[in-house]
2 protein chains.
Amino acid sequence: MPELRKDPILGRWVIIATERSKRPNDYRSTMPAPAAEHRLCPFCPGNEGKTPPEIMAYRKDNSKPNTPGWHVRVVPNRFPALRIEGGINREGEGIYDKMNAIGAHEVIIETPDHKQTLSTMTNSQVEEVLWSYRDRVLDLKKDKRFRFILLFKNHGEAAGASLDHAHSQLIALPIVPRNVIDEIRGAREYYENKERCIFCDIVRQELSSQVRLVSENDHFICITPYAARFPFETWILPKKHDSHFEDSQKYEFESLSRILVETLKRQGKALNNPPYNFLIHSSPFNHNYHDEDYYHWHLEIMPRLTNVAGFERGTGFYINPTPPEEAAKFLREMEIDP
Amino acid sequence: MPELRKDPILGRWVIIATERSKRPNDYRSTMPAPAAEHRLCPFCPGNEGKTPPEIMAYRKDNSKPNTPGWHVRVVPNRFPALRIEGGINREGEGIYDKMNAIGAHEVIIETPDHKQTLSTMTNSQVEEVLWSYRDRVLDLKKDKRFRFILLFKNHGEAAGASLDHAHSQLIALPIVPRNVIDEIRGAREYYENKERCIFCDIVRQELSSQVRLVSENDHFICITPYAARFPFETWILPKKHDSHFEDSQKYEFESLSRILVETLKRQGKALNNPPYNFLIHSSPFNHNYHDEDYYHWHLEIMPRLTNVAGFERGTGFYINPTPPEEAAKFLREMEIDP
């Protein structure tokens with residue numbers, strides 16, 4: 001069973017793989033080349049047997065599970081960082097603390113077409129991917145062991161993707177991770193002070209100043225954040241206050257799919273299809289934060305253009321060589337196909 | 001003037017390069033190949049004119065500044081993330097906060113020999129590098145604008161090094177960075193609770209259990225930390241409680257140089273000379289923490305074997321595929337030349 005271990009100084013949790021752990025030689029070997037051929041790709045139709053049995057799939061043709069005919073397919077990660085079975089089992093080890101790394105680790109295969117990506121798919125295909133995110137979150141929320149779900153995407157080998165067929169991932173955790181606790185704490189302090197959501201204030205200031213605005217549509221804005229950690233980092237936020245991604249309405253998912261595809265197209269054209277990560281920060285559940293009033297879900301997109309080095313590791317401080325105002329201008333002025 | 005900007009939600013500071021900022025095309029170009037030829041390397045003897053004028057150098061032969069004859073040489077970074085001149089100038093921008101990115105960014109050239117690295121240099125050469133760290137910290141501490149200095153090293157292109165001639169770096173900051181504040185806070189809470197230094201307790205537990213002990217000598221231990229973020233991450237800690245690196249005595253620097261060289265040799269042999277970062281966490285200065293009793297300086301070494309991806313970015317959580325007990329065993333059992 002993998003372990004969750006707590007750093008005794010920082011309180012930071014780390015997932016330690018105790019089974020099938022990697023030995024020095026495993027790191028020496030080069031990364032496996034992404035399977036370019038469809039017949040080898042475990043995410044291509046016809047190869048459903050190369051993944052664990054599917055958790056859910058959207059199928060228009062009444063085809064059977066684990067056969068072709070799907071357009072979005074969700075499967076357990078074959079090499080999960082956490083295990084779905086078992087109890088949490090909190091334990092001490094001298095001055096240290098650990099628990100079993102219980103959780104879910106799933107893969108959302110975004111399209112059956114090996115050659116498509118989120119930026120080449122139609123808005124309605126991308127909207128279906130967003131619906132699959134929602135369906136999985138609603139299902140996993142029923143499991144009272146879990147307190148937070150991260151939806152994220154690694155696109156390109158340099159961003160951590162081990163397969164190039166378009167996919168996102170989901171990890172459900174028994175604890176609320178540090179970054180989210182810190183965001184919630186910051187938003188709560190602001191709310192206690194001003195009785196306003198800080199994210200709503202950001203949306204207002206960015207719409208008014210326009211300098212970091214990349215685009216907006218009926219329900220969302222895309223901005224480069226004021227203190228962006230990475231060059232060309234963008235955030236997509238709902239204009240209307242909403243703490244939980246999964247509570248979004250049909251018209252919101254439609255609007256979100258449009259701005260997401262558009263942003264990825266702008267980024268792809270400006271930066272020559274860079275590797276990137278995106279992730280959704282949404283309110284935890286089964287918890288005591290009562291953060292509906294002050295937490296505001298959002299999606300963060302981080303192209304991988306620079307290398308995090310010793311300074312960032314040592315300080316938690318980032319050096320961003322492109323001011324977000326310039327990045328926003330570049331992205332805003334990109335001519336993209338509608 | 002580059003800016004320090006504060007993330008309004010997290011309170012996290014970011015350095016934004018506002019001058020000579022990088023445009024999209026700057027990221028498209030591939031990294032410049034490290035200068036393999038001595039005549040092109042700005043850190044090789046004879047090329048002193050290719051760096052800004054030296055801040056200090058250790059010379060045995062009474063040679064003149066900025067000429068050959070040195071064995072350790074410290075110069076300003078040619079592309080500094082922060083500027084040494086000017087005032088801090090705190091300012092608001094709507095709901096956002098910023099200040100001038102005042103600070104020092106220096107490069108410590110560890111050897112005149114282009115082919116040497118810390119793991120091939122003699123202990124006494126490495127000890128001189130440590131003395132140069134101390135001398136720079138003591139000098140920069142006099143500048144009352146600074147509150148923290150990070151000493152760090154990026155070794156290898158994948159770890160962020162842009163030149164392969166052996167060098168470390170130093171950044172002096174006008175604020176105490178988040179990671180260090182978090183460590184100090186955690187250590188203070190432990191001290192308030194138990195009236196013991198948590199790092200001293202870690203040293204005691206690791207010496208007693210031995211499972212994560214890589215090596216020890218008269219004044220230092222090298223361990224793999226219990227909640228290691230990265231595979232084969234190691235920490236070197238002084239056995240005797242000490243909050244400030246720069247207060248170490250001659251016999252301690254001698255002992256530290258031995259364990260550092262030995263650890264880098266073990267790591268290089270086990271992992272086939274991986275790229276790595278190391279950094280020194282030491283107590284801030286010109287501040288109000290009074291942390292001499294509970295903060296304990298240490299050196300963290302992180303080989304770059306895995307890729308940080310969307311999950312880590314989104315949660316602040318790390319997934320470590322090698323348990324620290326196994327990593328310690330591998331490193332401990334490596335046969336290295338004395």
# chains A, B, ... in the order shown; residues from 1 in each chain; ligands from 1
>>> residues_around(residues="Lys265 in chain B", least_positions_apart="2", cutoff="12 Å", atoms="only C-alpha atoms", output="PDB file with N, CA and C atoms, in the first residue's frame")
ATOM      1  N   THR B 117      34.106  19.029 -11.051  1.00  0.00           N
ATOM      2  CA  THR B 117      32.814  19.301 -10.410  1.00  0.00           C
ATOM      3  C   THR B 117      33.026  19.125  -8.908  1.00  0.00           C
ATOM      4  N   LEU B 118      32.038  19.493  -8.113  1.00  0.00           N
ATOM      5  CA  LEU B 118      32.175  19.350  -6.653  1.00  0.00           C
ATOM      6  C   LEU B 118      32.504  17.923  -6.265  1.00  0.00           C
ATOM      7  N   SER B 119      32.023  16.946  -7.065  1.00  0.00           N
ATOM      8  CA  SER B 119      32.284  15.559  -6.662  1.00  0.00           C
ATOM      9  C   SER B 119      33.644  15.050  -7.130  1.00  0.00           C
ATOM     10  N   THR B 120      34.344  15.811  -7.966  1.00  0.00           N
ATOM     11  CA  THR B 120      35.694  15.381  -8.349  1.00  0.00           C
ATOM     12  C   THR B 120      36.762  16.264  -7.700  1.00  0.00           C
ATOM     13  N   MET B 121      36.345  17.388  -7.117  1.00  0.00           N
ATOM     14  CA  MET B 121      37.301  18.285  -6.476  1.00  0.00           C
ATOM     15  C   MET B 121      37.763  17.687  -5.140  1.00  0.00           C
ATOM     16  N   THR B 122      38.908  18.170  -4.634  1.00  0.00           N
ATOM     17  CA  THR B 122      39.368  17.682  -3.332  1.00  0.00           C
ATOM     18  C   THR B 122      38.517  18.315  -2.230  1.00  0.00           C
ATOM     19  N   ASN B 123      38.516  17.670  -1.057  1.00  0.00           N
ATOM     20  CA  ASN B 123      37.766  18.214   0.071  1.00  0.00           C
ATOM     21  C   ASN B 123      38.202  19.637   0.396  1.00  0.00           C
ATOM     22  N   ARG B 258      33.631  17.401   3.596  1.00  0.00           N
ATOM     23  CA  ARG B 258      33.818  15.958   3.421  1.00  0.00           C
ATOM     24  C   ARG B 258      32.501  15.246   3.159  1.00  0.00           C
ATOM     25  N   ILE B 259      31.474  15.545   3.939  1.00  0.00           N
ATOM     26  CA  ILE B 259      30.211  14.817   3.771  1.00  0.00           C
ATOM     27  C   ILE B 259      29.497  15.243   2.485  1.00  0.00           C
ATOM     28  N   LEU B 260      29.689  16.496   2.079  1.00  0.00           N
ATOM     29  CA  LEU B 260      29.059  16.955   0.836  1.00  0.00           C
ATOM     30  C   LEU B 260      29.677  16.260  -0.375  1.00  0.00           C
ATOM     31  N   VAL B 261      30.992  16.230  -0.428  1.00  0.00           N
ATOM     32  CA  VAL B 261      31.671  15.569  -1.550  1.00  0.00           C
ATOM     33  C   VAL B 261      31.291  14.086  -1.584  1.00  0.00           C
ATOM     34  N   GLU B 262      31.285  13.474  -0.418  1.00  0.00           N
ATOM     35  CA  GLU B 262      30.967  12.048  -0.329  1.00  0.00           C
ATOM     36  C   GLU B 262      29.540  11.778  -0.810  1.00  0.00           C
ATOM     37  N   THR B 263      28.601  12.627  -0.393  1.00  0.00           N
ATOM     38  CA  THR B 263      27.204  12.437  -0.792  1.00  0.00           C
ATOM     39  C   THR B 263      27.044  12.615  -2.303  1.00  0.00           C
ATOM     40  N   GLN B 267      25.687   9.799  -4.863  1.00  0.00           N
ATOM     41  CA  GLN B 267      24.565  10.099  -5.749  1.00  0.00           C
ATOM     42  C   GLN B 267      24.980   9.940  -7.216  1.00  0.00           C
ATOM     43  N   GLY B 268      26.155  10.440  -7.549  1.00  0.00           N
ATOM     44  CA  GLY B 268      26.635  10.352  -8.934  1.00  0.00           C
ATOM     45  C   GLY B 268      26.823   8.915  -9.367  1.00  0.00           C
ATOM     46  N   LYS B 269      27.346   8.082  -8.462  1.00  0.00           N
ATOM     47  CA  LYS B 269      27.579   6.683  -8.823  1.00  0.00           C
ATOM     48  C   LYS B 269      26.258   5.906  -8.888  1.00  0.00           C
ATOM     49  N   ALA B 270      25.358   6.136  -7.946  1.00  0.00           N
ATOM     50  CA  ALA B 270      24.088   5.396  -7.930  1.00  0.00           C
ATOM     51  C   ALA B 270      23.209   5.776  -9.106  1.00  0.00           C
ATOM     52  N   LEU B 271      23.281   7.022  -9.527  1.00  0.00           N
ATOM     53  CA  LEU B 271      22.293   7.532 -10.493  1.00  0.00           C
ATOM     54  C   LEU B 271      22.927   8.009 -11.791  1.00  0.00           C
ATOM     55  N   ASN B 272      24.179   7.626 -12.009  1.00  0.00           N
ATOM     56  CA  ASN B 272      24.837   7.949 -13.267  1.00  0.00           C
ATOM     57  C   ASN B 272      24.936   9.454 -13.499  1.00  0.00           C
ATOM     58  N   ASN B 273      25.499  10.144 -12.516  1.00  0.00           N
ATOM     59  CA  ASN B 273      25.703  11.591 -12.602  1.00  0.00           C
ATOM     60  C   ASN B 273      24.462  12.367 -13.033  1.00  0.00           C
ATOM     61  N   PRO B 274      23.431  12.335 -12.218  1.00  0.00           N
ATOM     62  CA  PRO B 274      22.194  13.027 -12.599  1.00  0.00           C
ATOM     63  C   PRO B 274      22.337  14.545 -12.488  1.00  0.00           C
ATOM     64  N   LEU B 331      22.243   4.393  -1.508  1.00  0.00           N
ATOM     65  CA  LEU B 331      23.322   5.373  -1.396  1.00  0.00           C
ATOM     66  C   LEU B 331      24.370   4.914  -0.384  1.00  0.00           C
ATOM     67  N   ARG B 332      23.881   4.344   0.726  1.00  0.00           N
ATOM     68  CA  ARG B 332      24.781   3.891   1.799  1.00  0.00           C
ATOM     69  C   ARG B 332      25.717   2.796   1.298  1.00  0.00           C
ATOM     70  N   MET B 334      26.756   2.181  -1.776  1.00  0.00           N
ATOM     71  CA  MET B 334      27.621   2.518  -2.911  1.00  0.00           C
ATOM     72  C   MET B 334      29.074   2.512  -2.466  1.00  0.00           C
ATOM     73  N   GLU B 335      29.908   1.858  -3.221  1.00  0.00           N
ATOM     74  CA  GLU B 335      31.332   1.933  -2.893  1.00  0.00           C
ATOM     75  C   GLU B 335      31.934   3.124  -3.602  1.00  0.00           C
ATOM     76  N   ILE B 336      32.479   4.034  -2.848  1.00  0.00           N
ATOM     77  CA  ILE B 336      33.050   5.230  -3.471  1.00  0.00           C
ATOM     78  C   ILE B 336      34.501   5.369  -3.085  1.00  0.00           C
ATOM     79  N   ASP B 337      35.250   6.064  -3.948  1.00  0.00           N
ATOM     80  CA  ASP B 337      36.645   6.345  -3.621  1.00  0.00           C
ATOM     81  C   ASP B 337      36.689   7.366  -2.491  1.00  0.00           C
ATOM     82  N   PRO B 338      37.578   7.190  -1.554  1.00  0.00           N
ATOM     83  CA  PRO B 338      37.629   8.129  -0.427  1.00  0.00           C
ATOM     84  C   PRO B 338      38.087   9.527  -0.887  1.00  0.00           C
TER      85      PRO B 338
END
>>> residues_around(residues="Pro231 in chain A", least_positions_apart="2", cutoff="10 Å", atoms="only C-alpha atoms", output="list in words")
Thr224, Ala228, Arg229, Glu233, Thr234, Met302, Pro303, Arg304, Leu305, Thr306, Ile319, Asn320, Pro321, Thr322, Pro323, Pro324, Glu326 and Ala327 of chain A; Ile16, Ser21, Lys22, Arg23, Pro24 and Tyr27 of chain B
>>> write_last_selection(atoms="N, CA, C and O atoms", output="tab-separated table (two decimals), in the first residue's frame")
chain	number	residue	atom	x	y	z
A	224	THR	N	-4.23	36.74	-17.62
A	224	THR	CA	-2.92	36.35	-17.09
A	224	THR	C	-2.89	36.90	-15.66
A	224	THR	O	-3.13	38.10	-15.46
A	228	ALA	N	1.75	36.11	-11.87
A	228	ALA	CA	1.91	34.85	-12.60
A	228	ALA	C	3.26	34.23	-12.26
A	228	ALA	O	4.29	34.90	-12.32
A	229	ARG	N	3.25	32.92	-11.93
A	229	ARG	CA	4.50	32.23	-11.64
A	229	ARG	C	5.27	31.92	-12.91
A	229	ARG	O	6.50	31.87	-12.94
A	233	GLU	N	1.31	31.99	-18.29
A	233	GLU	CA	0.29	31.35	-17.44
A	233	GLU	C	-1.04	32.10	-17.62
A	233	GLU	O	-1.07	33.32	-17.68
A	234	THR	N	-2.13	31.34	-17.73
A	234	THR	CA	-3.46	31.97	-17.83
A	234	THR	C	-4.42	31.32	-16.83
A	234	THR	O	-4.24	30.15	-16.46
A	302	MET	N	-0.77	26.33	-17.43
A	302	MET	CA	0.65	26.68	-17.30
A	302	MET	C	1.48	26.07	-18.41
A	302	MET	O	1.81	24.88	-18.33
A	303	PRO	N	1.80	26.81	-19.48
A	303	PRO	CA	2.70	26.25	-20.48
A	303	PRO	C	4.08	26.01	-19.86
A	303	PRO	O	4.49	26.72	-18.94
A	304	ARG	N	4.79	25.00	-20.35
A	304	ARG	CA	6.10	24.65	-19.79
A	304	ARG	C	7.19	25.24	-20.67
A	304	ARG	O	7.62	24.59	-21.64
A	305	LEU	N	7.62	26.44	-20.35
A	305	LEU	CA	8.61	27.14	-21.16
A	305	LEU	C	9.92	27.30	-20.42
A	305	LEU	O	10.96	27.49	-21.03
A	306	THR	N	9.87	27.27	-19.11
A	306	THR	CA	11.07	27.49	-18.30
A	306	THR	C	11.25	26.29	-17.37
A	306	THR	O	10.35	25.50	-17.18
A	319	ILE	N	10.51	33.04	-10.55
A	319	ILE	CA	11.01	34.13	-11.38
A	319	ILE	C	10.32	33.99	-12.73
A	319	ILE	O	10.45	32.97	-13.40
A	320	ASN	N	9.56	35.00	-13.11
A	320	ASN	CA	8.82	34.95	-14.37
A	320	ASN	C	9.42	35.95	-15.35
A	320	ASN	O	9.31	37.15	-15.14
A	321	PRO	N	10.05	35.47	-16.42
A	321	PRO	CA	10.74	36.38	-17.33
A	321	PRO	C	9.82	37.13	-18.30
A	321	PRO	O	10.32	37.95	-19.07
A	322	THR	N	8.52	36.89	-18.30
A	322	THR	CA	7.61	37.65	-19.18
A	322	THR	C	6.50	38.29	-18.34
A	322	THR	O	5.69	37.58	-17.73
A	323	PRO	N	6.43	39.63	-18.29
A	323	PRO	CA	5.35	40.26	-17.51
A	323	PRO	C	3.99	39.80	-18.02
A	323	PRO	O	3.78	39.69	-19.23
A	324	PRO	N	3.05	39.54	-17.11
A	324	PRO	CA	1.74	39.04	-17.53
A	324	PRO	C	1.01	40.01	-18.47
A	324	PRO	O	0.23	39.57	-19.31
A	326	GLU	N	2.38	41.74	-20.89
A	326	GLU	CA	2.87	41.47	-22.24
A	326	GLU	C	2.35	40.14	-22.76
A	326	GLU	O	2.00	40.00	-23.93
A	327	ALA	N	2.32	39.15	-21.87
A	327	ALA	CA	1.79	37.84	-22.28
A	327	ALA	C	0.33	37.97	-22.71
A	327	ALA	O	-0.08	37.44	-23.75
B	16	ILE	N	8.91	39.43	-11.27
B	16	ILE	CA	8.50	39.65	-12.66
B	16	ILE	C	9.57	40.49	-13.35
B	16	ILE	O	9.84	41.63	-12.93
B	21	SER	N	12.23	41.68	-21.19
B	21	SER	CA	11.35	40.56	-20.92
B	21	SER	C	11.34	39.63	-22.12
B	21	SER	O	11.58	40.04	-23.25
B	22	LYS	N	11.06	38.38	-21.85
B	22	LYS	CA	11.10	37.37	-22.91
B	22	LYS	C	9.80	37.36	-23.69
B	22	LYS	O	8.72	37.28	-23.11
B	23	ARG	N	9.90	37.40	-25.01
B	23	ARG	CA	8.74	37.33	-25.90
B	23	ARG	C	8.60	35.89	-26.35
B	23	ARG	O	9.49	35.08	-26.14
B	24	PRO	N	7.45	35.56	-26.98
B	24	PRO	CA	7.23	34.15	-27.33
B	24	PRO	C	8.40	33.52	-28.08
B	24	PRO	O	8.79	32.40	-27.80
B	27	TYR	N	11.30	31.82	-26.27
B	27	TYR	CA	11.12	30.49	-25.70
B	27	TYR	C	11.16	29.42	-26.78
B	27	TYR	O	11.45	28.28	-26.51
>>> closest_residue(among="B:Ala227, B:Ile236, B:Ala328, B:Cys222", to="Val14 in chain A", atoms="only C-alpha atoms")
B:Ala227
>>> atom_distance(atom1="CA of Lys144 in chain B", atom2="CA of Gly310 in chain A")
24.7 Å
>>> select_by_dssp(residues="range 92-307 of chain B", states="alpha helix (DSSP H)", output="PyMOL selection string")
chain B and resi 123-140+178-194+198-209+250-271
>>> closest_residue(among="B:Pro8, B:Asp218, B:Gly69, B:Gln169", to="Tyr190 in chain A", atoms="only C-alpha atoms")
B:Pro8
>>> closest_residue(among="A:Lys153, A:His165, A:Arg266, A:Arg204", to="chain B", atoms="only C-alpha atoms")
A:Lys153
>>> closest_residue(among="A:Asn179, A:Asn47, A:Asn193, A:Gln249", to="Arg12 in chain A", atoms="only C-alpha atoms")
A:Asn179
>>> residues_around(residues="Trp131 in chain A", least_positions_apart="2", cutoff="12 Å", atoms="only C-alpha atoms", output="VMD selection string")
chain A and resid 56 to 58 72 to 74 108 110 124 to 129 133 to 138 245 to 254 256 to 257
